[in-house]
Every structure is written in C-alpha cells, then in structure tokens.
$ cat model-v2.cif   # mmCIF, C-alpha atoms
data_structure
loop_
_atom_site.label_atom_id
_atom_site.label_comp_id
_atom_site.auth_asym_id
_atom_site.auth_seq_id
_atom_site.Cartn_x
_atom_site.Cartn_y
_atom_site.Cartn_z
CA ASP S 1 -6.79 -17.61 -1.69
CA GLN S 2 -9.93 -15.58 -2.11
CA PRO S 3 -9.69 -12.12 -3.66
CA ARG S 4 -10.46 -9.31 -1.27
CA GLU S 5 -13.55 -7.28 -1.90
CA VAL S 6 -13.37 -3.55 -1.37
CA TRP S 7 -16.54 -1.53 -1.05
CA ILE S 8 -16.51 2.22 -1.50
CA ASN S 9 -19.61 4.23 -0.69
CA VAL S 10 -20.21 6.66 -3.56
CA SER S 11 -23.31 8.79 -3.92
CA SER S 12 -25.59 8.50 -6.95
CA LYS S 13 -24.84 12.14 -7.74
CA ASP S 14 -21.08 11.47 -7.80
CA ILE S 15 -21.58 8.42 -10.02
CA LEU S 16 -23.64 10.43 -12.52
CA GLN S 17 -21.10 13.27 -12.57
CA THR S 18 -18.23 10.85 -13.09
CA GLU S 19 -20.04 8.96 -15.86
CA ALA S 20 -20.78 12.23 -17.65
CA TRP S 21 -17.16 13.37 -17.34
CA LEU S 22 -15.75 10.05 -18.54
CA ALA S 23 -18.20 9.87 -21.46
CA ASP S 24 -16.51 12.89 -23.07
CA LEU S 25 -13.02 11.40 -22.93
CA PRO S 26 -11.49 9.52 -25.87
CA HIS S 27 -11.57 5.76 -25.32
CA PRO S 28 -10.01 3.57 -24.13
CA ILE S 29 -9.69 5.12 -20.70
CA ILE S 30 -6.71 3.99 -18.62
CA GLY S 31 -7.11 4.60 -14.88
CA VAL S 32 -4.01 4.96 -12.71
CA GLN S 33 -3.70 5.16 -8.92
CA TRP S 34 -0.27 6.62 -8.43
CA GLY S 35 0.04 6.90 -4.67
CA ALA S 36 0.55 4.40 -1.89
CA LYS S 37 0.47 4.78 1.85
CA TRP S 38 4.05 3.53 2.21
CA ILE S 39 6.77 5.08 0.06
CA THR S 40 8.38 1.65 -0.36
CA LYS S 41 5.25 0.46 -2.20
CA ARG S 42 5.25 3.33 -4.68
CA TRP S 43 6.32 2.58 -8.21
CA PRO S 44 8.85 5.16 -9.47
CA MET S 45 7.27 8.06 -11.34
CA GLU S 46 9.50 7.48 -14.36
CA ARG S 47 8.12 3.96 -14.76
CA PHE S 48 4.55 5.25 -14.71
CA GLU S 49 5.49 7.82 -17.33
CA ASP S 50 7.19 5.19 -19.50
CA LEU S 51 4.31 2.72 -19.25
CA LEU S 52 1.61 5.31 -19.86
CA THR S 53 3.55 6.85 -22.75
CA ARG S 54 3.77 3.45 -24.44
CA ALA S 55 0.06 2.80 -23.77
CA GLY S 56 -0.88 6.25 -25.06
CA LYS S 57 1.07 5.80 -28.28
CA ARG S 58 -0.31 2.32 -28.85
CA TRP S 59 -3.98 2.77 -27.94
CA GLN S 60 -4.49 6.56 -27.90
CA GLY S 61 -7.40 7.18 -25.56
CA SER S 62 -7.16 8.94 -22.20
CA VAL S 63 -5.36 8.54 -18.90
CA VAL S 64 -7.24 9.29 -15.69
CA ILE S 65 -4.97 9.75 -12.66
CA VAL S 66 -6.65 9.22 -9.29
CA GLY S 67 -5.38 9.61 -5.74
CA GLY S 68 -5.95 11.20 -2.39
CA GLY S 69 -5.47 14.87 -1.56
CA GLY S 70 -1.90 14.22 -0.44
CA ASP S 71 -1.10 12.74 -3.84
CA LEU S 72 -1.99 15.89 -5.77
CA PRO S 73 1.56 17.26 -6.28
CA GLU S 74 2.82 13.92 -7.62
CA CYS S 75 -0.28 13.40 -9.76
CA GLN S 76 0.27 16.85 -11.27
CA ARG S 77 3.92 15.95 -11.90
CA LEU S 78 2.81 12.76 -13.68
CA GLU S 79 0.28 14.71 -15.74
CA ALA S 80 2.94 17.27 -16.74
CA GLY S 81 5.38 14.51 -17.75
CA LEU S 82 2.74 12.76 -19.85
CA SER S 83 1.71 16.05 -21.47
CA GLN S 84 5.34 16.62 -22.52
CA ARG S 85 5.63 13.12 -23.95
CA LEU S 86 2.17 12.76 -25.53
CA GLY S 87 0.88 16.30 -25.82
CA PRO S 88 -2.08 17.77 -23.91
CA ARG S 89 -5.35 15.89 -24.16
#
$ encode --input "model-v2.cif" --output "structure tokens"
Amino acid sequence: DQPREVWINVSSKDILQTEAWLADLPHPIIGVQWGAKWITKRWPMERFEDLLTRAGKRWQGSVVIVGGGGDLPECQRLEAGLSQRLGPR
C-alpha cells in the first residue's frame, strides 16, 4: 500500500498569515480536524475533549481546531469544552 498524497492549493499570502498567527501560540501546537463528511466516521466530541485535555495537561501548548464552515458549531462546542477543562488560552 502506498500512502495517498493530498495537495491543497494555498496562496502565499495565506501561508504567511497562518505562519504569523501560529508563531504567537505557545508550543507545542496540536492540530485537530474534528469534522467528517459522514457522521459515522466522526469521533465522539467527548473523546476529543478527553484526549485534548490530557494532552493539554501533559504538554501545555495550544490546540488549533480546523474544519469546514459547516463544522463551526461543533468546533465552537469543542473549544468551549476545552476552555472549561483547561482554561482559556
């Protein structure tokens, strides 16, 4: 089996903005993609909260939650849950 390669076209401007934004965050940075196209492939929110809470307590740093526009309500819910468990960052 060969790993699949995924190419995403991102502008130089977006890369520079993202690098600048990430540079100000405490390290390590943990990136999380919460959503999935099919609901059956989504990991339960509580498990994300548990895992990221453990990671946050162990390594400190920052969590960056990414997703599509339709994921925004759930990403905000995850952020709120993590803020309650770890405090705002």
$ residues_around --input "model-v2.cif" --residues "Trp34 in chain S" --least-positions-apart "5" --cutoff "8 Å" --atoms "all atoms listed in the file" --output "count of residues only"
8
$ closest_residue --input "model-v2.cif" --among "S:Gly68, S:Glu49, S:Glu5, S:Val32" --to "Leu86 in chain S" --atoms "all atoms listed in the file"
S:Glu49
$ resolve_selection --input "model-v2.cif" --expression "the PyMOL selection byres ((chain S and resi 62) around 12)" --output "PDB file with C-alpha atoms, in the frame of the given file"
ATOM      1  CA  TRP S  21     -17.160  13.370 -17.340  1.00  0.00           C
ATOM      2  CA  LEU S  22     -15.750  10.050 -18.540  1.00  0.00           C
ATOM      3  CA  ALA S  23     -18.200   9.870 -21.460  1.00  0.00           C
ATOM      4  CA  ASP S  24     -16.510  12.890 -23.070  1.00  0.00           C
ATOM      5  CA  LEU S  25     -13.020  11.400 -22.930  1.00  0.00           C
ATOM      6  CA  PRO S  26     -11.490   9.520 -25.870  1.00  0.00           C
ATOM      7  CA  HIS S  27     -11.570   5.760 -25.320  1.00  0.00           C
ATOM      8  CA  PRO S  28     -10.010   3.570 -24.130  1.00  0.00           C
ATOM      9  CA  ILE S  29      -9.690   5.120 -20.700  1.00  0.00           C
ATOM     10  CA  ILE S  30      -6.710   3.990 -18.620  1.00  0.00           C
ATOM     11  CA  GLY S  31      -7.110   4.600 -14.880  1.00  0.00           C
ATOM     12  CA  VAL S  32      -4.010   4.960 -12.710  1.00  0.00           C
ATOM     13  CA  LEU S  52       1.610   5.310 -19.860  1.00  0.00           C
ATOM     14  CA  THR S  53       3.550   6.850 -22.750  1.00  0.00           C
ATOM     15  CA  ALA S  55       0.060   2.800 -23.770  1.00  0.00           C
ATOM     16  CA  GLY S  56      -0.880   6.250 -25.060  1.00  0.00           C
ATOM     17  CA  LYS S  57       1.070   5.800 -28.280  1.00  0.00           C
ATOM     18  CA  ARG S  58      -0.310   2.320 -28.850  1.00  0.00           C
ATOM     19  CA  TRP S  59      -3.980   2.770 -27.940  1.00  0.00           C
ATOM     20  CA  GLN S  60      -4.490   6.560 -27.900  1.00  0.00           C
ATOM     21  CA  GLY S  61      -7.400   7.180 -25.560  1.00  0.00           C
ATOM     22  CA  VAL S  63      -5.360   8.540 -18.900  1.00  0.00           C
ATOM     23  CA  VAL S  64      -7.240   9.290 -15.690  1.00  0.00           C
ATOM     24  CA  ILE S  65      -4.970   9.750 -12.660  1.00  0.00           C
ATOM     25  CA  GLU S  79       0.280  14.710 -15.740  1.00  0.00           C
ATOM     26  CA  LEU S  82       2.740  12.760 -19.850  1.00  0.00           C
ATOM     27  CA  SER S  83       1.710  16.050 -21.470  1.00  0.00           C
ATOM     28  CA  LEU S  86       2.170  12.760 -25.530  1.00  0.00           C
ATOM     29  CA  GLY S  87       0.880  16.300 -25.820  1.00  0.00           C
ATOM     30  CA  PRO S  88      -2.080  17.770 -23.910  1.00  0.00           C
ATOM     31  CA  ARG S  89      -5.350  15.890 -24.160  1.00  0.00           C
TER      32      ARG S  89
END
$ closest_residue --input "model-v2.cif" --among "S:Arg77, S:Gly70, S:Leu51, S:Gln84" --to "Ala36 in chain S" --atoms "all atoms listed in the file"
S:Gly70
$ atom_distance --input "model-v2.cif" --atom1 "CA of Arg85 in chain S" --atom2 "CA of Asp50 in chain S"
9.2 Å
$ atom_distance --input "model-v2.cif" --atom1 "CA of Phe48 in chain S" --atom2 "CA of Gly81 in chain S"
9.8 Å
$ closest_residue --input "model-v2.cif" --among "S:Ala20, S:Ile15, S:Leu78, S:Val10" --to "Gln33 in chain S" --atoms "all atoms listed in the file"
S:Leu78
$ axis_aligned_box --input "model-v2.cif" --around "range 19-35 of chain S" --padding-each-side "8 Å" --output "lines of an AutoDock Vina configuration file"
center_x = -10.4
center_y = 8.5
center_z = -15.3
size_x = 36.8
size_y = 25.8
size_z = 37.2
$ atom_distance --input "model-v2.cif" --atom1 "CA of Leu72 in chain S" --atom2 "CA of Trp7 in chain S"
23.2 Å
$ decode --input "model-v2.cif" --residues "range 31-50 of chain S" --atoms "N, CA and C atoms" --output "mmCIF file, in the first residue's frame"
data_model
loop_
_atom_site.group_PDB
_atom_site.id
_atom_site.type_symbol
_atom_site.label_atom_id
_atom_site.label_comp_id
_atom_site.auth_asym_id
_atom_site.auth_seq_id
_atom_site.Cartn_x
_atom_site.Cartn_y
_atom_site.Cartn_z
ATOM 1 N N GLY S 31 -2.852 20.183 16.239
ATOM 2 C CA GLY S 31 -3.899 20.474 15.269
ATOM 3 C C GLY S 31 -4.928 19.362 15.238
ATOM 4 N N VAL S 32 -6.205 19.738 15.233
ATOM 5 C CA VAL S 32 -7.295 18.774 15.266
ATOM 6 C C VAL S 32 -8.305 19.106 14.172
ATOM 7 N N GLN S 33 -8.645 18.114 13.374
ATOM 8 C CA GLN S 33 -9.736 18.226 12.394
ATOM 9 C C GLN S 33 -10.908 17.462 12.984
ATOM 10 N N TRP S 34 -11.883 18.174 13.480
ATOM 11 C CA TRP S 34 -12.976 17.495 14.164
ATOM 12 C C TRP S 34 -13.940 16.813 13.201
ATOM 13 N N GLY S 35 -14.344 17.484 12.178
ATOM 14 C CA GLY S 35 -15.444 17.019 11.337
ATOM 15 C C GLY S 35 -15.099 15.870 10.414
ATOM 16 N N ALA S 36 -16.142 15.305 9.846
ATOM 17 C CA ALA S 36 -16.037 14.269 8.822
ATOM 18 C C ALA S 36 -17.294 14.360 7.964
ATOM 19 N N LYS S 37 -17.155 13.996 6.719
ATOM 20 C CA LYS S 37 -18.293 14.084 5.810
ATOM 21 C C LYS S 37 -19.451 13.200 6.290
ATOM 22 N N TRP S 38 -19.123 11.988 6.730
ATOM 23 C CA TRP S 38 -20.145 11.055 7.198
ATOM 24 C C TRP S 38 -20.159 11.021 8.711
ATOM 25 N N ILE S 39 -21.320 11.149 9.289
ATOM 26 C CA ILE S 39 -21.478 11.174 10.747
ATOM 27 C C ILE S 39 -20.924 9.905 11.385
ATOM 28 N N THR S 40 -20.994 8.785 10.678
ATOM 29 C CA THR S 40 -20.492 7.521 11.229
ATOM 30 C C THR S 40 -18.975 7.510 11.363
ATOM 31 N N LYS S 41 -18.288 8.430 10.695
ATOM 32 C CA LYS S 41 -16.830 8.499 10.782
ATOM 33 C C LYS S 41 -16.360 9.537 11.801
ATOM 34 N N ARG S 42 -17.296 10.215 12.423
ATOM 35 C CA ARG S 42 -16.921 11.234 13.408
ATOM 36 C C ARG S 42 -16.654 10.584 14.757
ATOM 37 N N TRP S 43 -15.559 10.990 15.355
ATOM 38 C CA TRP S 43 -15.232 10.547 16.699
ATOM 39 C C TRP S 43 -16.090 11.333 17.663
ATOM 40 N N PRO S 44 -16.628 10.740 18.713
ATOM 41 C CA PRO S 44 -17.487 11.492 19.634
ATOM 42 C C PRO S 44 -16.764 12.697 20.251
ATOM 43 N N MET S 45 -17.480 13.783 20.382
ATOM 44 C CA MET S 45 -16.932 15.028 20.916
ATOM 45 C C MET S 45 -16.266 14.813 22.278
ATOM 46 N N GLU S 46 -16.889 14.004 23.122
ATOM 47 C CA GLU S 46 -16.354 13.771 24.463
ATOM 48 C C GLU S 46 -14.971 13.137 24.411
ATOM 49 N N ARG S 47 -14.740 12.294 23.422
ATOM 50 C CA ARG S 47 -13.416 11.671 23.293
ATOM 51 C C ARG S 47 -12.365 12.684 22.864
ATOM 52 N N PHE S 48 -12.747 13.586 21.958
ATOM 53 C CA PHE S 48 -11.828 14.662 21.589
ATOM 54 C C PHE S 48 -11.491 15.502 22.819
ATOM 55 N N GLU S 49 -12.517 15.853 23.586
ATOM 56 C CA GLU S 49 -12.286 16.663 24.780
ATOM 57 C C GLU S 49 -11.369 15.938 25.761
ATOM 58 N N ASP S 50 -11.620 14.648 25.983
ATOM 59 C CA ASP S 50 -10.785 13.881 26.907
ATOM 60 C C ASP S 50 -9.339 13.818 26.431
#
